[in-house]
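This report refers to the structure that appears directly beneath it.
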Amino acid sequence: HLDMVTISESWKKHNFTTDGIQAFLDNGWLKANGTTLGADNGIGVSMALALLLDNSIGGPLEVLLTSREEIGMNGAKELNSTWIKSKTLINLDSEEAGRITAGCAGSYGKRVKWTADRDLDKMSKKLYFLEVKLSNLTGGHSGLEINKRKASAVKTVADCGLKVIKAGIPTQVVRFNGGEAQNSIPS
């Protein structure tokens, strides 16, 4: 897919539309200062384009490039099967050069909306407001690092809130925010 993963550290003020990526080498690894490098599937797209330019490969060869996959697999959902003539698909959305991924983790999202009961007469007259922030966890890409048992900031804060509720402490959640992308492990 052609999507860009545009995430920056909380301390980094960066506009991915107008600001360049501040890349640097660290022991042979290309990294970015306070941001992602941007391209999520640059290796796969580059390999597919190189195959199209290679005249020694017998054809015909089709390359399928989708977009809006990072925000909900939208490109794949809108794919019309009649556009593709090939009988075999090789998924090049991998994280490493020299590796072919023969499948993918997939994605599922669900939006839930409800109206909370905010009747102050039903609530305790003594309300205390508490803001909880959790940051500086390692985070990561759920497709590549889901097996590394990294702590998710969203899940950790939700688990703490659940313990408070189960302890019988009267609780009202006013707002809950977290995570940068649907397929990230929030840090």
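Note on naming: chains are A, B, ... as they come in the structure tokens, residues start from 1 per chain, ligands start from 1 in the order shown.
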Could you pull the residues within 10 Å of range 150-154 of chain A, counting only C-alpha atoms, minus those fewer than 6 positions along the same chain, as a PDB file with C-alpha atoms, in the first residue's frame?
```pdb
ATOM      1  CA  LYS A 133      -1.625  10.455  31.342  1.00  0.00           C
ATOM      2  CA  LEU A 134       0.644   7.600  30.422  1.00  0.00           C
ATOM      3  CA  SER A 135       3.473   8.117  27.964  1.00  0.00           C
ATOM      4  CA  ASN A 136       6.985   7.077  27.003  1.00  0.00           C
ATOM      5  CA  LEU A 137       6.183   3.405  26.508  1.00  0.00           C
ATOM      6  CA  THR A 138       7.959   1.836  23.549  1.00  0.00           C
ATOM      7  CA  GLY A 139       4.892   1.545  21.292  1.00  0.00           C
ATOM      8  CA  GLY A 140       5.172  -0.022  17.869  1.00  0.00           C
ATOM      9  CA  SER A 142       0.819  -3.982  15.630  1.00  0.00           C
ATOM     10  CA  PHE A 176     -10.727   8.953  27.073  1.00  0.00           C
ATOM     11  CA  ASN A 177      -8.201   9.605  24.308  1.00  0.00           C
ATOM     12  CA  GLY A 178      -5.271   7.607  23.073  1.00  0.00           C
ATOM     13  CA  GLY A 179      -3.422   6.080  20.197  1.00  0.00           C
ATOM     14  CA  SER A 184      -0.265   0.969  16.301  1.00  0.00           C
ATOM     15  CA  ILE A 185       0.581  -0.077  19.817  1.00  0.00           C
ATOM     16  CA  PRO A 186       0.045   3.281  21.594  1.00  0.00           C
ATOM     17  CA  SER A 187       3.022   4.552  23.548  1.00  0.00           C
TER      18      SER A 187
END
```
Can you check which residues of range 22-60 of chain A DSSP gives as helix (DSSP H, G or I) on the backbone and send them as an mmCIF file with C-alpha atoms, in the first residue's frame?
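Final output, saved to states.cif:
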```
data_model
loop_
_atom_site.group_PDB
_atom_site.id
_atom_site.type_symbol
_atom_site.label_atom_id
_atom_site.label_comp_id
_atom_site.auth_asym_id
_atom_site.auth_seq_id
_atom_site.Cartn_x
_atom_site.Cartn_y
_atom_site.Cartn_z
ATOM 1 C CA GLY A 42 8.250 1.467 0.803
ATOM 2 C CA ILE A 43 10.100 -1.837 0.425
ATOM 3 C CA GLY A 44 7.090 -3.645 -1.049
ATOM 4 C CA VAL A 45 6.212 -0.803 -3.431
ATOM 5 C CA SER A 46 9.854 -0.542 -4.559
ATOM 6 C CA MET A 47 10.045 -4.295 -5.193
ATOM 7 C CA ALA A 48 6.798 -4.242 -7.197
ATOM 8 C CA LEU A 49 7.948 -1.308 -9.335
ATOM 9 C CA ALA A 50 11.327 -2.982 -9.934
ATOM 10 C CA LEU A 51 9.538 -6.131 -11.143
ATOM 11 C CA LEU A 52 7.518 -4.047 -13.606
ATOM 12 C CA LEU A 53 10.765 -2.637 -15.055
#
```
Surrounding residues of Gly161 in chain A excluding itself and chain neighbours under 2 positions, 12 Å, only C-alpha atoms, as a list in words | Leu130, Glu131, Val132, Val154, Lys155, Thr156, Val157, Ala158, Asp159, Lys163, Val164, Ile165, Lys166, Ala167, Gly168, Ile169, Pro170, Thr171, Gln172, Val173 and Phe176 of chain A
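Interatomic distance, CA of Asp3 in chain A to CA of Pro60 in chain A: 26.0 Å.
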